[in-house]
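Peer 1: Provided herewith is a single structure, encoded as structure tokens, for subsequent inquiry.
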Amino acid sequence: MKMRFLAVLVLCLAALVGAVACSGGGGKAPNGMTAAEILTTSQTTTMNSMQFSATVESTMMDETFAMYMSGAIDEADRAMYMTMTSPDLDYTMQMYITDGWLYMIDPDYTEGWIKTRLTEDIWEQQNPTVQQMELMDDVLQAKYLGMENIGELNCYKIDVDPNWDAILGATDMDETDYYSTEELIDMIKDTECVIWIAEGSYFPMQMFFSMTMEMDILGQKYSIDMDMTMTFSNINQPVDITLPSAALDATEMSYDEFMAGDW
């Protein structure tokens, strides 16, 4: 549940970065560009490495919890790490990709570290920057809101209307046995997506995403509220991705076992 839940959020944010074909609105920024043009320019920038952090605050069935995510990606070395923790749920997940292997420990699925050989599709599945490239052609609405500082950088603040059909397809949630894509999209209410693009470099520096999902389960109506803020830093700077010593004794899984979730 947690992994699928967060996968939706990460891909929503990836869709914002990957927005190339956008329709505009909201006037022009001080540089004379529309929001769509700023996002298109941001997409052409090269981000070979970065660090990221995110906070997710959620209310599900009257229970509120927070999830904290941090990590780093090095495209050239095909390396990354990501940790997700929730003190409210007593939950910590760690994942590392390094030296041609994926290592993971997740208390919801594993008692200890597991590992599997890295393949092209596993890298694409786990790497948010690859996911955003897959969503490049999606058409989103974009509106320039103004200039704001993120950290020490002046940024263009842009409101974005995501393409839910593409996002749900990218997370495979359009293949659920319980709901059709149309029904899932109809559940999504009150969304807000904002991205901050750095002036000059056009790197995405921060994203905010908020949504409410309303669903009917056995005749009962339930509401899920989610807010996520994700920040990027040290773009194209060296990142340290060091495998924990405990992972050296990881249990090896075959590709089929890993993809089937037989952990």
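By order in the structure tokens, chains are A, B, ...; within a chain, residues start at 1; ligands start at 1, following the order shown.
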Set the distance at 10 Å and use only C-alpha atoms: which residues neighbour stretch 238-248 of chain A once local chain neighbours fewer than 3 positions away are removed? I'd like the list as an MDAnalysis selection string.
Peer 2: chainID A and resid 48:51 71:74 79:82 94:99 103:105 112:115 234:235 251
Peer 1: Please, could you write that set of residues out with N, CA and C atoms as a tab-separated table (two decimals), in the first residue's frame?
Peer 2:
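Wrote part.tsv, looks like this:
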```tsv
chain	number	residue	atom	x	y	z
A	48	ASN	N	22.31	15.41	-14.58
A	48	ASN	CA	23.00	14.13	-14.49
A	48	ASN	C	23.03	13.58	-13.07
A	49	SER	N	22.95	14.46	-12.10
A	49	SER	CA	22.95	14.03	-10.70
A	49	SER	C	22.20	15.06	-9.88
A	50	MET	N	21.68	14.60	-8.74
A	50	MET	CA	20.93	15.51	-7.87
A	50	MET	C	20.67	14.83	-6.54
A	51	GLN	N	20.33	15.62	-5.56
A	51	GLN	CA	19.77	15.13	-4.32
A	51	GLN	C	18.32	15.60	-4.23
A	71	GLY	N	16.96	11.20	-0.95
A	71	GLY	CA	17.77	10.35	-1.81
A	71	GLY	C	18.66	11.14	-2.73
A	72	ALA	N	19.34	10.42	-3.61
A	72	ALA	CA	20.24	11.01	-4.59
A	72	ALA	C	20.30	10.11	-5.81
A	73	ILE	N	20.58	10.72	-6.97
A	73	ILE	CA	20.68	9.99	-8.23
A	73	ILE	C	21.94	10.40	-8.96
A	74	ASP	N	22.65	9.42	-9.51
A	74	ASP	CA	23.80	9.66	-10.37
A	74	ASP	C	23.55	8.90	-11.67
A	79	ALA	N	23.54	4.95	-10.44
A	79	ALA	CA	23.51	4.74	-8.99
A	79	ALA	C	22.46	5.66	-8.39
A	80	MET	N	21.82	5.20	-7.33
A	80	MET	CA	20.88	6.03	-6.61
A	80	MET	C	20.61	5.42	-5.24
A	81	TYR	N	20.10	6.24	-4.35
A	81	TYR	CA	19.56	5.70	-3.10
A	81	TYR	C	18.32	6.49	-2.74
A	82	MET	N	17.44	5.83	-1.99
A	82	MET	CA	16.24	6.49	-1.51
A	82	MET	C	15.85	5.86	-0.18
A	94	GLN	N	14.64	1.35	2.76
A	94	GLN	CA	15.87	1.83	2.12
A	94	GLN	C	16.06	1.10	0.80
A	95	MET	N	16.49	1.82	-0.21
A	95	MET	CA	16.81	1.21	-1.49
A	95	MET	C	18.08	1.84	-2.04
A	96	TYR	N	18.99	1.01	-2.54
A	96	TYR	CA	20.23	1.47	-3.16
A	96	TYR	C	20.39	0.79	-4.50
A	97	ILE	N	20.90	1.52	-5.47
A	97	ILE	CA	21.32	0.95	-6.74
A	97	ILE	C	22.78	1.34	-6.94
A	98	THR	N	23.64	0.34	-7.04
A	98	THR	CA	25.07	0.61	-7.19
A	98	THR	C	25.77	-0.63	-7.71
A	99	ASP	N	26.80	-0.42	-8.52
A	99	ASP	CA	27.63	-1.51	-9.05
A	99	ASP	C	26.81	-2.62	-9.72
A	103	TYR	N	19.60	-3.03	-4.18
A	103	TYR	CA	19.49	-3.53	-2.81
A	103	TYR	C	18.30	-2.86	-2.15
A	104	MET	N	17.53	-3.63	-1.36
A	104	MET	CA	16.35	-3.05	-0.73
A	104	MET	C	16.06	-3.75	0.59
A	105	ILE	N	15.58	-2.98	1.54
A	105	ILE	CA	15.01	-3.52	2.76
A	105	ILE	C	13.73	-2.76	3.05
A	112	GLY	N	14.99	-8.88	5.96
A	112	GLY	CA	16.35	-8.36	5.84
A	112	GLY	C	16.58	-7.80	4.45
A	113	TRP	N	17.82	-7.49	4.14
A	113	TRP	CA	18.16	-6.93	2.83
A	113	TRP	C	18.00	-7.98	1.74
A	114	ILE	N	17.48	-7.56	0.60
A	114	ILE	CA	17.48	-8.40	-0.60
A	114	ILE	C	18.24	-7.66	-1.70
A	115	LYS	N	18.65	-8.40	-2.72
A	115	LYS	CA	19.32	-7.75	-3.85
A	115	LYS	C	18.94	-8.50	-5.12
A	234	ASN	N	21.80	20.38	-5.16
A	234	ASN	CA	23.08	19.86	-5.64
A	234	ASN	C	22.96	19.25	-7.04
A	235	ILE	N	22.21	19.92	-7.90
A	235	ILE	CA	22.03	19.42	-9.26
A	235	ILE	C	23.34	19.50	-10.03
A	251	THR	N	20.16	-11.12	0.63
A	251	THR	CA	19.72	-12.35	-0.03
A	251	THR	C	19.45	-12.06	-1.50
```
Peer 1: What's the 8 Å shell around A:Met61, counting only C-alpha atoms, without same-chain residues fewer than 4 positions away, as a PyMOL selection string?
Peer 2: chain A and resi 222-224
Peer 1: Using only C-alpha atoms for the distances, tell me which of A:Ser254, A:Leu89, A:Ala142, A:Pro30 is nearest to A:Asn154.
Peer 2: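 Nearest candidate to A:Asn154 out of A:Ser254, A:Leu89, A:Ala142, A:Pro30: A:Pro30.
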Peer 1: Please report the interatomic distance between atom CA of A:Phe209 and atom CA of A:Val56 in Å with one decimal.
Peer 2: 9.3 Å
Peer 1: List as an MDAnalysis selection string the protein and nucleic acid residues near A:Gly151, meaning an atom at most 10 Å away when only C-alpha atoms are counted, but skip any in the same chain fewer than 3 places from it.
Peer 2: chainID A and resid 148 154:155 205:206 231 233
Peer 1: Write the residues you've just listed into a file as a PDB file, in the first residue's frame, and include C-alpha atoms for each of them.
Peer 2:
```pdb
ATOM      1  CA  GLU A 148       9.535  33.436  -5.381  1.00  0.00           C
ATOM      2  CA  ASN A 154      14.894  33.323  -7.511  1.00  0.00           C
ATOM      3  CA  CYS A 155      12.359  31.024  -9.162  1.00  0.00           C
ATOM      4  CA  MET A 205      13.957  23.382  -7.515  1.00  0.00           C
ATOM      5  CA  GLN A 206      10.733  22.578  -5.679  1.00  0.00           C
ATOM      6  CA  THR A 231      12.866  19.815  -3.140  1.00  0.00           C
ATOM      7  CA  SER A 233      19.442  20.325  -4.581  1.00  0.00           C
TER       8      SER A 233
END
```
